[in-house]
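Engineer: I'd like to ask you about the structure that follows.
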Protein chains: 2
Amino acid sequence: MKKRRVKMDLKEIRKEIDATDDEILRLFLKRMDLCVGVAKYKKENNMQVFQGKREQEILERIKSESPDDLAEGAGQLFTCIMDISKCLQQRILSDAPVPHFESPKIQPVRIACPGTKGSNTEEASVKLFPDSEIDFYPDFSDVFEAVENGGADYGVLPIENSTAGDIRQTYDLLAKYNFYICKRTQIKINHCLAAKPGADIKTIYSHEQALKQCFGFLKGYPARQVPYANTALAAEMVANSDDNTIAAICSERCAELYGLETVKRDIADNPDNTTRFICISKRPEVTPDADIISICMSLPHTTGSLYRMLIRFALYGLNITKIESAPVPQAKQDIKRETFDVVFYLDFEGNALDPEVVRLMTILEEEMKYFKFLGNYKHFD
Amino acid sequence: MKKRRVKMDLKEIRKEIDATDDEILRLFLKRMDLCVGVAKYKKENNMQVFQGKREQEILERIKSESPDDLAEGAGQLFTCIMDISKCLQQRILSDAPVPHFESPKIQPVRIACPGTKGSNTEEASVKLFPDSEIDFYPDFSDVFEAVENGGADYGVLPIENSTAGDIRQTYDLLAKYNFYICKRTQIKINHCLAAKPGADIKTIYSHEQALKQCFGFLKGYPARQVPYANTALAAEMVANSDDNTIAAICSERCAELYGLETVKRDIADNPDNTTRFICISKRPEVTPDADIISICMSLPHTTGSLYRMLIRFALYGLNITKIESAPVPQAKQDIKRETFDVVFYLDFEGNALDPEVVRLMTILEEEMKYFKFLGNYKHFD
């Protein structure tokens with residue numbers, strides 16, 4: 001009998017909840033109507049559409065009128081209502097100016113790459129620009145400099161690795177040079193042991209990182225390990241040497257390039273080692289099939305600020321595929337931990353010519369102290 | 001006249017908005033009361049408290065009853081209401097079991113460090129454990145192995161660098177070994193040019209990364225650059241060599257350690273190069289003054305899932321200080337881009353003995369397919 005009674009009660013309560021929800025929905029829709037009215041008046045009279053002060057007043061009133069244990073929840077609810085209302089107003093009122101982007105250059109083009117021939121970056125460049133000329137530069141910053149000075153049309157650089165994470169230097173240079181991402185691809189990093197035919201291997205040369213990544217294989221291999229500047233240079237050195245006891249760890253493609261024999265392939269401990277590469281350009285280029293947008297912005301270091309930023313993406317139905325707060329804050333910011341802004345890097349799915357995306361980015365640009373569009377591009381698998 | 005009329009209208013509309021808000025608040029509080037009733041009934045009758053199906057039904061009904069341009073917003077509003085209600089129910093109903101953590105070991109302890117004497121990791125270890133014995137191991141995984149086997153009480157490893165970003169390998173090993181972070185510190189990385197007194201420098205040895213970080217200085221310095229395994233080993237080699245024309249780039253502390261003279265200090269291009277180090281332990285240790293919590297969890301790859309996870313932090317008033325989605329998804333996950341889960345690394349402010357924090361972590365553990373507590377610790381500046 002008791003169980004039945006409970007079920008009845010539950011049914012009753014749920015009915016009451018549903019009725020309450022209907023009322024809340026009705027009032028929510030009424031409020032949205034009123035807000036659209038406010039926005040229209042303001043626009044007609046050239047008044048500022050969004051006023052932080054009024055918002056703050058509403059939140060304070062709501063919290064003061066709620067019981068203590070629900071004040072925080074009620075505050076969140078009205079923050080949510082006002083965020084939805086802002087998005088709606090913006091959708092109705094903004095003229096959503098269609099941004100202008102450059103068209104991609106016609107191939108063949110000149111590509112700037114960091115490092116040496118035979119590197120993974122070269123492989124990525126060939127994948128992105130099959131018929132182009134590739135020049136090699138010692139450092140990442142030299143690649144940016146070459147594009148800046150017109151010595152190259154585009155640059156290709158690593159941006160993210162599945163085992164090592166973000167390549168922060170590339171992000172920093174993108175911001176410094178005010179450049180844009182216009183293509184992306186990824187390369188599965190494979191390591192092989194390469195030597196001259198008939199070699200009696202006693203010493204293995206490679207980049208420190210590559211030696212580490214083949215730790216399991218090398219543990220069982222009776223040879224001395226010597227760190228070298230990079231994998232391609234190690235392969236080149238082995239190829240040019242008369243020493244018949246040395247080998248290199250490099251990519252199979254690189255071994256082939258320098259005429260070395262693959263003694264053992266796929267020797268990395270983790271077979272799923274992938275690096276992503278981006279193509280950078282001086283001016284933003286957006287093609288109609290571009291479907292990844294990268295942005296960078298700062299948020300105040302306060303509870304809920306990230307959540308409020310993300311509700312905008314949810315309301316516009318835009319899917320975030322990557323988010324990252326910037327690493328270790330600099331010393332000067334650490335002094336006032338409560339107040340410093342946090343910088344975020346975000347990737348989301350969309351095309352920058354889509355009016356909804358333009359509106360979202362306009363909102364973010366208006367609201368964030370710092371906002372930078374890093375590019376809209378396609379990933380080439 | 002016109003302006004005055006508009007102002008009147010605005011005032012009227014705002015009054016109506018305020019009245020609507022009061023109604024919404026009243027209904028919201030009523031709904032929360034009803035939900036607490038439901039939860040209590042369920043608990044008394046050992047029924048499952050949270051039911052995803054009922055939630056889905058409510059959302060579908062609400063959306064279908066809203067005009068098209070507001071359906072998404074109404075859906076977000078009720079998602080928000082139900083999330084707030086869940087948090088409230090959990091706060092009222094959960095017994096919030098106080099978790100048990102180990103006490104820190106009494107110093108002196110044995111510390112395992114990757115690398116060599118004179119490294120920045122050694123400096124971090126000394127900062128965290130002034131009176132302890134430090135053993136050096138070739139690789140990061142050897143450090144974990146030493147702690148696992150009892151060869152060391154704790155390990156100290158780099159976790160994040162201000163220019164290079166996260167050190168993903170450390171995170172991966174934390175997950176693999178099921179270890180915990182129990183302390184954190186940071187070291188300002190300084191590079192100096194070091195040689196034997198009276199040297200006539202023609203060649204400079206250092207780790208590739210260090211050579212890159214001193215690019216600006218080296219450009220104007222007439223010497224050949226040679227990459228070396230690491231900065232400390234380069235300094236040791238220069239100290240032990242009879243060659244009077246070689247120098248190393250290393251930390252000042254390291255130069256001193258190997259009896260080298262600092263030829264030029266602070267030669268890095270970016271003076272704010274900081275690395276964070278963590279102390280790892282086999283069992284979770286939490287002290288009452290620990291104020292940073294690191295967690296790792298998976299989220300479904302759908303619009304708004306990140307936002308829904310973050311509302312929980314906002315409702316509990318807990319401040320997120322770091323967020324990062326895991327790098328490049330593995331190949332197998334790329335096949336079904338719509339459905340794969342994204343792994344996030346989060347730091348937030350709090351102590352794991354605080355009942356509010358315990359409740360939040362209980363919710364996250366229940367709701368996420370994968371959730372791991374990575375530690376609660378203090379940062380030593």
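Note on naming: chains are A, B, ... as they come in the structure tokens, residues start from 1 per chain, ligands start from 1 in the order shown.
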Assign secondary structure with DSSP using the backbone only, and return the residues of region 173-275 of chain A in alpha helix (DSSP H) as a ChimeraX atom specification.

Structural biologist: /A:173-177,208-213,215-219,231-240,252-257

Engineer: Please provide the set of residues having any atom within 10 Å of region 214-225 of chain B, restricted to only C-alpha atoms, with same-chain residues fewer than 6 positions apart removed, written as number ranges by chain.

Structural biologist: A: 139, 141; B: 191-193, 201-206, 208, 245-249, 264, 266-270

Engineer: Identify, with DSSP run on backbone atoms, the residues in region 272-333 of chain B assigned to strand (DSSP E), and express the list as a PyMOL selection string.

Structural biologist: chain B and resi 274-281+292-300+320-325

Engineer: Would you work out the distance separating CA of Tyr180 (chain B) from CA of Thr231 (chain B), expressed in Å to one decimal?

Structural biologist: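 So the answer is 28.7 Å.
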
Engineer: Per residue of region 88-180 of chain A within 8 Å of region 280-292 of chain A, what are the shortest atom pair and its distance in Å to one decimal, counting only C-alpha atoms, with rows by chain and residue number, as CSV?

Structural biologist:
residue,atom,partner,partner_atom,distance
A:Phe101,CA,A:Glu285,CA,5.3
A:Glu102,CA,A:Glu285,CA,4.6
A:Ser103,CA,A:Glu285,CA,5.6
A:Pro104,CA,A:Glu285,CA,6.0
A:Val147,CA,A:Lys282,CA,6.9
A:Glu148,CA,A:Lys282,CA,6.7
A:Asp153,CA,A:Ser281,CA,7.1
A:Tyr154,CA,A:Ser281,CA,5.2
A:Gly155,CA,A:Ile280,CA,5.1
A:Val156,CA,A:Ile280,CA,6.3
A:Leu157,CA,A:Ile280,CA,7.9
A:Asn178,CA,A:Lys282,CA,7.4
A:Phe179,CA,A:Lys282,CA,4.8
A:Tyr180,CA,A:Ser281,CA,5.4

Engineer: In Å, rounded to a single decimal, give me how far CA of Lys11 (chain A) is from CA of Lys30 (chain B).

Structural biologist: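 For CA of Lys30 (chain B) relative to CA of Lys11 (chain A), the distance reads 16.7 Å.
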
Engineer: Just the number, please: distance in Å from CA of Gln56 (chain B) to CA of Ile320 (chain A), one decimal.

Structural biologist: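 These two atoms are separated by 22.2 Å.
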
Engineer: Got a sec: who's within 12 Å of Ala239 (chain B), counting only C-alpha atoms, leaving out chain neighbours fewer than 2 positions off, as an MDAnalysis selection string?

Structural biologist: chainID B and resid 194:197 199 205 232:237 241:248 254:261

Engineer: For the selection you just gave me, I'd like the residues written to a file as a CSV table (one decimal), in the first residue's frame, keeping N, CA, C and O atoms.

Structural biologist:
chain,number,residue,atom,x,y,z
B,194,ALA,N,78.2,30.3,-19.6
B,194,ALA,CA,79.2,29.9,-18.6
B,194,ALA,C,80.4,29.3,-19.2
B,194,ALA,O,80.2,28.4,-20.1
B,195,ALA,N,81.6,29.6,-18.7
B,195,ALA,CA,82.8,29.0,-19.3
B,195,ALA,C,83.8,29.0,-18.2
B,195,ALA,O,83.6,29.5,-17.1
B,196,LYS,N,85.0,28.3,-18.5
B,196,LYS,CA,86.1,28.3,-17.5
B,196,LYS,C,86.7,29.7,-17.5
B,196,LYS,O,86.7,30.4,-18.5
B,197,PRO,N,87.2,30.2,-16.4
B,197,PRO,CA,87.8,31.5,-16.3
B,197,PRO,C,88.9,31.7,-17.4
B,197,PRO,O,89.7,30.8,-17.7
B,199,ALA,N,88.4,31.8,-20.7
B,199,ALA,CA,88.1,31.1,-21.9
B,199,ALA,C,88.0,32.0,-23.1
B,199,ALA,O,87.5,33.2,-23.0
B,205,TYR,N,77.8,25.1,-26.2
B,205,TYR,CA,77.0,23.8,-26.0
B,205,TYR,C,75.8,24.1,-25.1
B,205,TYR,O,75.9,24.7,-24.1
B,232,ALA,N,72.5,20.9,-17.9
B,232,ALA,CA,73.4,20.5,-16.9
B,232,ALA,C,74.6,19.7,-17.4
B,232,ALA,O,75.7,19.9,-17.0
B,233,LEU,N,74.3,18.8,-18.3
B,233,LEU,CA,75.3,17.9,-18.9
B,233,LEU,C,76.3,18.7,-19.7
B,233,LEU,O,77.5,18.5,-19.7
B,234,ALA,N,75.8,19.8,-20.4
B,234,ALA,CA,76.7,20.6,-21.2
B,234,ALA,C,77.6,21.4,-20.2
B,234,ALA,O,78.9,21.5,-20.5
B,235,ALA,N,77.1,21.9,-19.1
B,235,ALA,CA,78.0,22.6,-18.1
B,235,ALA,C,79.0,21.6,-17.6
B,235,ALA,O,80.2,22.0,-17.5
B,236,GLU,N,78.6,20.4,-17.3
B,236,GLU,CA,79.6,19.4,-16.7
B,236,GLU,C,80.7,19.1,-17.7
B,236,GLU,O,81.9,19.0,-17.4
B,237,MET,N,80.3,18.9,-19.0
B,237,MET,CA,81.2,18.6,-20.0
B,237,MET,C,82.3,19.7,-20.2
B,237,MET,O,83.5,19.5,-20.3
B,241,SER,N,86.4,19.5,-19.5
B,241,SER,CA,87.2,19.5,-20.7
B,241,SER,C,88.4,20.3,-20.6
B,241,SER,O,88.5,21.2,-19.8
B,242,ASP,N,89.4,20.0,-21.4
B,242,ASP,CA,90.7,20.8,-21.4
B,242,ASP,C,90.6,21.9,-22.5
B,242,ASP,O,91.4,22.8,-22.5
B,243,ASP,N,89.5,21.8,-23.3
B,243,ASP,CA,89.4,22.8,-24.4
B,243,ASP,C,89.0,24.1,-23.8
B,243,ASP,O,88.0,24.3,-23.1
B,244,ASN,N,89.8,25.2,-24.1
B,244,ASN,CA,89.6,26.5,-23.6
B,244,ASN,C,88.7,27.4,-24.4
B,244,ASN,O,88.6,28.6,-24.2
B,245,THR,N,88.1,26.8,-25.5
B,245,THR,CA,87.3,27.6,-26.4
B,245,THR,C,85.8,27.3,-26.4
B,245,THR,O,85.1,27.7,-27.2
B,246,ILE,N,85.4,26.5,-25.4
B,246,ILE,CA,84.0,26.1,-25.3
B,246,ILE,C,83.3,26.7,-24.1
B,246,ILE,O,83.9,27.0,-23.1
B,247,ALA,N,82.0,26.8,-24.3
B,247,ALA,CA,81.2,27.4,-23.2
B,247,ALA,C,79.8,26.6,-23.2
B,247,ALA,O,79.5,25.9,-24.1
B,248,ALA,N,79.1,26.8,-22.1
B,248,ALA,CA,77.7,26.2,-22.0
B,248,ALA,C,76.7,27.3,-21.7
B,248,ALA,O,77.0,28.3,-21.1
B,254,CYS,N,73.8,26.2,-11.8
B,254,CYS,CA,74.4,25.0,-12.4
B,254,CYS,C,75.9,25.4,-12.7
B,254,CYS,O,76.8,24.6,-12.5
B,255,ALA,N,76.1,26.6,-13.2
B,255,ALA,CA,77.5,27.1,-13.5
B,255,ALA,C,78.3,27.1,-12.3
B,255,ALA,O,79.4,26.6,-12.2
B,256,GLU,N,77.7,27.6,-11.2
B,256,GLU,CA,78.4,27.6,-9.9
B,256,GLU,C,78.8,26.2,-9.4
B,256,GLU,O,79.9,25.9,-9.0
B,257,LEU,N,77.8,25.3,-9.5
B,257,LEU,CA,77.9,23.9,-9.1
B,257,LEU,C,79.1,23.3,-9.8
B,257,LEU,O,79.9,22.5,-9.2
B,258,TYR,N,79.4,23.6,-11.1
B,258,TYR,CA,80.4,22.9,-11.8
B,258,TYR,C,81.7,23.8,-11.9
B,258,TYR,O,82.6,23.6,-12.7
B,259,GLY,N,81.7,24.9,-11.1
B,259,GLY,CA,82.9,25.8,-11.0
B,259,GLY,C,83.1,26.6,-12.2
B,259,GLY,O,84.3,26.9,-12.5
B,260,LEU,N,82.1,26.9,-13.0
B,260,LEU,CA,82.3,27.7,-14.2
B,260,LEU,C,82.0,29.2,-13.8
B,260,LEU,O,81.4,29.5,-12.9
B,261,GLU,N,82.5,30.1,-14.7
B,261,GLU,CA,82.4,31.5,-14.5
B,261,GLU,C,81.2,31.9,-15.3
B,261,GLU,O,81.0,31.5,-16.5

Engineer: Name the closest residue to chain B among the candidates A:Ile167, A:Cys279, A:Val263, A:Leu59; distances are taken between atoms, counting only C-alpha atoms.

Structural biologist: A:Ile167

Engineer: Skip Thr116 (chain A) itself and residues of its chain fewer than 6 positions away, then list as a PDB file with C-alpha atoms, in the first residue's frame all residues within 9 Å of it, counting only C-alpha atoms.

Structural biologist:
ATOM      1  CA  GLU A 122      58.237  19.259 -44.623  1.00  0.00           C
ATOM      2  CA  ASP A 135      62.453  26.918 -48.000  1.00  0.00           C
ATOM      3  CA  PHE A 136      63.882  25.947 -44.631  1.00  0.00           C
ATOM      4  CA  TYR A 137      64.561  28.403 -41.820  1.00  0.00           C
ATOM      5  CA  PRO A 138      66.447  27.785 -38.573  1.00  0.00           C
ATOM      6  CA  ASN A 230      67.083  16.743 -34.691  1.00  0.00           C
ATOM      7  CA  ALA A 232      66.656  14.631 -39.928  1.00  0.00           C
ATOM      8  CA  LEU A 233      70.129  15.983 -39.165  1.00  0.00           C
TER       9      LEU A 233
END

Engineer: Between A:Leu25, A:Ile159, A:Cys250, A:Leu34, which residue has the minimum interatomic distance to Glu12 (chain B), considering only C-alpha atoms?

Structural biologist: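 Result for the nearest residue to Glu12 (chain B): A:Leu34.
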
Engineer: Env of region 63-72 of chain B: 9 Å cut, atoms = only C-alpha atoms, seq-sep filter 6 positions within chain, self excluded. Answer as a list in words.

Structural biologist: Asp22, Leu25, Arg26, Leu29, Met32, Leu88, Ala314, Leu315, Tyr316 and Gly317 of chain A

Engineer: Output the selection as an mmCIF file, in the first residue's frame - N, CA, C and O atoms for each residue.

Structural biologist:
data_model
loop_
_atom_site.group_PDB
_atom_site.id
_atom_site.type_symbol
_atom_site.label_atom_id
_atom_site.label_comp_id
_atom_site.auth_asym_id
_atom_site.auth_seq_id
_atom_site.Cartn_x
_atom_site.Cartn_y
_atom_site.Cartn_z
ATOM 1 N N ASP A 22 5.319 25.401 -16.994
ATOM 2 C CA ASP A 22 4.548 26.097 -18.022
ATOM 3 C C ASP A 22 4.440 27.588 -17.698
ATOM 4 O O ASP A 22 4.570 28.439 -18.582
ATOM 5 N N LEU A 25 7.810 29.215 -18.281
ATOM 6 C CA LEU A 25 8.039 29.386 -19.717
ATOM 7 C C LEU A 25 7.252 30.588 -20.250
ATOM 8 O O LEU A 25 7.781 31.412 -20.989
ATOM 9 N N ARG A 26 5.988 30.688 -19.825
ATOM 10 C CA ARG A 26 5.146 31.805 -20.282
ATOM 11 C C ARG A 26 5.785 33.143 -19.892
ATOM 12 O O ARG A 26 5.894 34.070 -20.709
ATOM 13 N N LEU A 29 8.986 33.872 -21.929
ATOM 14 C CA LEU A 29 8.699 34.369 -23.282
ATOM 15 C C LEU A 29 8.214 35.826 -23.227
ATOM 16 O O LEU A 29 8.594 36.649 -24.060
ATOM 17 N N MET A 32 11.233 37.998 -22.697
ATOM 18 C CA MET A 32 12.017 38.143 -23.929
ATOM 19 C C MET A 32 11.373 39.195 -24.835
ATOM 20 O O MET A 32 12.066 40.017 -25.419
ATOM 21 N N LEU A 88 19.414 37.045 -27.906
ATOM 22 C CA LEU A 88 18.212 37.266 -28.714
ATOM 23 C C LEU A 88 18.199 38.697 -29.254
ATOM 24 O O LEU A 88 17.964 38.938 -30.445
ATOM 25 N N ALA A 314 26.647 27.726 -26.539
ATOM 26 C CA ALA A 314 25.531 26.778 -26.455
ATOM 27 C C ALA A 314 24.285 27.383 -27.097
ATOM 28 O O ALA A 314 23.573 26.722 -27.841
ATOM 29 N N LEU A 315 24.031 28.674 -26.844
ATOM 30 C CA LEU A 315 22.835 29.322 -27.398
ATOM 31 C C LEU A 315 22.893 29.421 -28.917
ATOM 32 O O LEU A 315 21.876 29.355 -29.588
ATOM 33 N N TYR A 316 24.095 29.608 -29.440
ATOM 34 C CA TYR A 316 24.220 29.675 -30.895
ATOM 35 C C TYR A 316 24.391 28.280 -31.509
ATOM 36 O O TYR A 316 24.579 28.150 -32.713
ATOM 37 N N GLY A 317 24.366 27.247 -30.652
ATOM 38 C CA GLY A 317 24.489 25.875 -31.149
ATOM 39 C C GLY A 317 25.863 25.583 -31.732
ATOM 40 O O GLY A 317 26.006 24.727 -32.602
#

Engineer: Using only C-alpha atoms, pick whichever of B:Phe144, B:Phe28, B:Phe380, B:Phe277 has the shortest atom-to-atom distance to chain A.

Structural biologist: B:Phe28

Engineer: Give me the residues within 10 Å of Ile295 (chain B) as a PDB file with all heavy atoms, in the first residue's frame, counting only C-alpha atoms and dropping any in the same chain fewer than 5 places off.

Structural biologist:
ATOM      1  N   ILE B 323      42.004  25.272 -17.313  1.00  0.00           N
ATOM      2  CA  ILE B 323      41.216  24.255 -17.998  1.00  0.00           C
ATOM      3  C   ILE B 323      41.924  23.912 -19.289  1.00  0.00           C
ATOM      4  O   ILE B 323      42.501  24.769 -19.948  1.00  0.00           O
ATOM      5  CB  ILE B 323      39.772  24.716 -18.268  1.00  0.00           C
ATOM      6  CG1 ILE B 323      38.954  23.593 -18.931  1.00  0.00           C
ATOM      7  CG2 ILE B 323      39.734  25.961 -19.138  1.00  0.00           C
ATOM      8  CD1 ILE B 323      37.464  23.832 -18.915  1.00  0.00           C
ATOM      9  N   PHE B 344      39.161  16.487 -20.225  1.00  0.00           N
ATOM     10  CA  PHE B 344      39.550  17.801 -19.738  1.00  0.00           C
ATOM     11  C   PHE B 344      40.414  17.697 -18.489  1.00  0.00           C
ATOM     12  O   PHE B 344      40.171  16.841 -17.643  1.00  0.00           O
ATOM     13  CB  PHE B 344      38.308  18.626 -19.383  1.00  0.00           C
ATOM     14  CG  PHE B 344      37.569  19.115 -20.573  1.00  0.00           C
ATOM     15  CD1 PHE B 344      36.583  18.344 -21.158  1.00  0.00           C
ATOM     16  CD2 PHE B 344      37.876  20.349 -21.131  1.00  0.00           C
ATOM     17  CE1 PHE B 344      35.906  18.787 -22.283  1.00  0.00           C
ATOM     18  CE2 PHE B 344      37.211  20.799 -22.247  1.00  0.00           C
ATOM     19  CZ  PHE B 344      36.228  20.020 -22.828  1.00  0.00           C
ATOM     20  N   TYR B 345      41.396  18.581 -18.402  1.00  0.00           N
ATOM     21  CA  TYR B 345      42.181  18.740 -17.183  1.00  0.00           C
ATOM     22  C   TYR B 345      41.767  20.060 -16.559  1.00  0.00           C
ATOM     23  O   TYR B 345      41.759  21.077 -17.247  1.00  0.00           O
ATOM     24  CB  TYR B 345      43.671  18.760 -17.494  1.00  0.00           C
ATOM     25  CG  TYR B 345      44.176  17.424 -17.969  1.00  0.00           C
ATOM     26  CD1 TYR B 345      44.160  17.084 -19.310  1.00  0.00           C
ATOM     27  CD2 TYR B 345      44.649  16.496 -17.051  1.00  0.00           C
ATOM     28  CE1 TYR B 345      44.612  15.845 -19.740  1.00  0.00           C
ATOM     29  CE2 TYR B 345      45.103  15.258 -17.471  1.00  0.00           C
ATOM     30  CZ  TYR B 345      45.078  14.943 -18.819  1.00  0.00           C
ATOM     31  OH  TYR B 345      45.515  13.720 -19.231  1.00  0.00           O
ATOM     32  N   LEU B 346      41.401  20.033 -15.279  1.00  0.00           N
ATOM     33  CA  LEU B 346      40.953  21.244 -14.595  1.00  0.00           C
ATOM     34  C   LEU B 346      41.677  21.443 -13.279  1.00  0.00           C
ATOM     35  O   LEU B 346      41.889  20.479 -12.539  1.00  0.00           O
ATOM     36  CB  LEU B 346      39.466  21.112 -14.256  1.00  0.00           C
ATOM     37  CG  LEU B 346      38.468  21.836 -15.121  1.00  0.00           C
ATOM     38  CD1 LEU B 346      37.900  20.871 -16.118  1.00  0.00           C
ATOM     39  CD2 LEU B 346      37.361  22.382 -14.262  1.00  0.00           C
ATOM     40  N   ASP B 347      42.027  22.692 -12.983  1.00  0.00           N
ATOM     41  CA  ASP B 347      42.455  23.061 -11.638  1.00  0.00           C
ATOM     42  C   ASP B 347      41.388  23.988 -11.076  1.00  0.00           C
ATOM     43  O   ASP B 347      40.913  24.878 -11.786  1.00  0.00           O
ATOM     44  CB  ASP B 347      43.779  23.847 -11.663  1.00  0.00           C
ATOM     45  CG  ASP B 347      44.977  22.957 -11.940  1.00  0.00           C
ATOM     46  OD1 ASP B 347      44.798  21.735 -12.071  1.00  0.00           O
ATOM     47  OD2 ASP B 347      46.097  23.511 -12.041  1.00  0.00           O
ATOM     48  N   PHE B 348      41.001  23.788  -9.822  1.00  0.00           N
ATOM     49  CA  PHE B 348      40.128  24.778  -9.190  1.00  0.00           C
ATOM     50  C   PHE B 348      40.560  25.008  -7.747  1.00  0.00           C
ATOM     51  O   PHE B 348      41.306  24.217  -7.173  1.00  0.00           O
ATOM     52  CB  PHE B 348      38.641  24.401  -9.305  1.00  0.00           C
ATOM     53  CG  PHE B 348      38.227  23.136  -8.590  1.00  0.00           C
ATOM     54  CD1 PHE B 348      37.624  23.197  -7.345  1.00  0.00           C
ATOM     55  CD2 PHE B 348      38.407  21.896  -9.178  1.00  0.00           C
ATOM     56  CE1 PHE B 348      37.216  22.041  -6.676  1.00  0.00           C
ATOM     57  CE2 PHE B 348      38.008  20.731  -8.526  1.00  0.00           C
ATOM     58  CZ  PHE B 348      37.417  20.802  -7.273  1.00  0.00           C
ATOM     59  N   MET B 361      32.505  17.015  -6.172  1.00  0.00           N
ATOM     60  CA  MET B 361      33.272  15.911  -6.772  1.00  0.00           C
ATOM     61  C   MET B 361      32.426  14.636  -6.844  1.00  0.00           C
ATOM     62  O   MET B 361      32.572  13.856  -7.778  1.00  0.00           O
ATOM     63  CB  MET B 361      34.583  15.702  -6.023  1.00  0.00           C
ATOM     64  CG  MET B 361      35.537  16.894  -6.276  1.00  0.00           C
ATOM     65  SD  MET B 361      37.281  16.441  -6.284  1.00  0.00           S
ATOM     66  CE  MET B 361      37.548  16.304  -4.544  1.00  0.00           C
ATOM     67  N   PHE B 371      36.256  10.021 -14.448  1.00  0.00           N
ATOM     68  CA  PHE B 371      36.596  11.107 -13.529  1.00  0.00           C
ATOM     69  C   PHE B 371      37.773  10.660 -12.684  1.00  0.00           C
ATOM     70  O   PHE B 371      37.780   9.563 -12.161  1.00  0.00           O
ATOM     71  CB  PHE B 371      35.407  11.441 -12.620  1.00  0.00           C
ATOM     72  CG  PHE B 371      35.732  12.465 -11.565  1.00  0.00           C
ATOM     73  CD1 PHE B 371      35.599  13.821 -11.845  1.00  0.00           C
ATOM     74  CD2 PHE B 371      36.195  12.082 -10.313  1.00  0.00           C
ATOM     75  CE1 PHE B 371      35.915  14.781 -10.882  1.00  0.00           C
ATOM     76  CE2 PHE B 371      36.518  13.034  -9.351  1.00  0.00           C
ATOM     77  CZ  PHE B 371      36.369  14.386  -9.641  1.00  0.00           C
ATOM     78  N   LYS B 372      38.785  11.510 -12.567  1.00  0.00           N
ATOM     79  CA  LYS B 372      39.918  11.162 -11.711  1.00  0.00           C
ATOM     80  C   LYS B 372      40.359  12.370 -10.899  1.00  0.00           C
ATOM     81  O   LYS B 372      40.570  13.450 -11.447  1.00  0.00           O
ATOM     82  CB  LYS B 372      41.074  10.610 -12.549  1.00  0.00           C
ATOM     83  CG  LYS B 372      42.248  10.171 -11.682  1.00  0.00           C
ATOM     84  CD  LYS B 372      43.150   9.183 -12.355  1.00  0.00           C
ATOM     85  CE  LYS B 372      44.485   9.035 -11.627  1.00  0.00           C
ATOM     86  NZ  LYS B 372      44.459   9.127 -10.158  1.00  0.00           N
ATOM     87  N   PHE B 373      40.466  12.155  -9.588  1.00  0.00           N
ATOM     88  CA  PHE B 373      40.993  13.163  -8.679  1.00  0.00           C
ATOM     89  C   PHE B 373      42.511  13.072  -8.743  1.00  0.00           C
ATOM     90  O   PHE B 373      43.090  12.021  -8.485  1.00  0.00           O
ATOM     91  CB  PHE B 373      40.470  12.843  -7.266  1.00  0.00           C
ATOM     92  CG  PHE B 373      41.125  13.614  -6.162  1.00  0.00           C
ATOM     93  CD1 PHE B 373      40.875  14.968  -5.986  1.00  0.00           C
ATOM     94  CD2 PHE B 373      41.989  12.984  -5.277  1.00  0.00           C
ATOM     95  CE1 PHE B 373      41.464  15.684  -4.950  1.00  0.00           C
ATOM     96  CE2 PHE B 373      42.596  13.681  -4.236  1.00  0.00           C
ATOM     97  CZ  PHE B 373      42.328  15.038  -4.081  1.00  0.00           C
ATOM     98  N   LEU B 374      43.164  14.167  -9.154  1.00  0.00           N
ATOM     99  CA  LEU B 374      44.623  14.123  -9.342  1.00  0.00           C
ATOM    100  C   LEU B 374      45.390  14.689  -8.157  1.00  0.00           C
ATOM    101  O   LEU B 374      46.621  14.680  -8.152  1.00  0.00           O
ATOM    102  CB  LEU B 374      45.023  14.899 -10.602  1.00  0.00           C
ATOM    103  CG  LEU B 374      44.530  14.368 -11.951  1.00  0.00           C
ATOM    104  CD1 LEU B 374      44.914  15.330 -13.058  1.00  0.00           C
ATOM    105  CD2 LEU B 374      45.124  12.990 -12.225  1.00  0.00           C
ATOM    106  N   GLY B 375      44.648  15.205  -7.160  1.00  0.00           N
ATOM    107  CA  GLY B 375      45.348  15.693  -5.981  1.00  0.00           C
ATOM    108  C   GLY B 375      44.846  17.042  -5.512  1.00  0.00           C
ATOM    109  O   GLY B 375      44.219  17.782  -6.257  1.00  0.00           O
ATOM    110  N   ASN B 376      45.123  17.332  -4.231  1.00  0.00           N
ATOM    111  CA  ASN B 376      44.761  18.608  -3.611  1.00  0.00           C
ATOM    112  C   ASN B 376      46.011  19.067  -2.877  1.00  0.00           C
ATOM    113  O   ASN B 376      46.527  18.359  -2.025  1.00  0.00           O
ATOM    114  CB  ASN B 376      43.587  18.374  -2.652  1.00  0.00           C
ATOM    115  CG  ASN B 376      43.065  19.647  -1.991  1.00  0.00           C
ATOM    116  OD1 ASN B 376      42.371  19.601  -0.993  1.00  0.00           O
ATOM    117  ND2 ASN B 376      43.402  20.809  -2.528  1.00  0.00           N
TER     118      ASN B 376
END
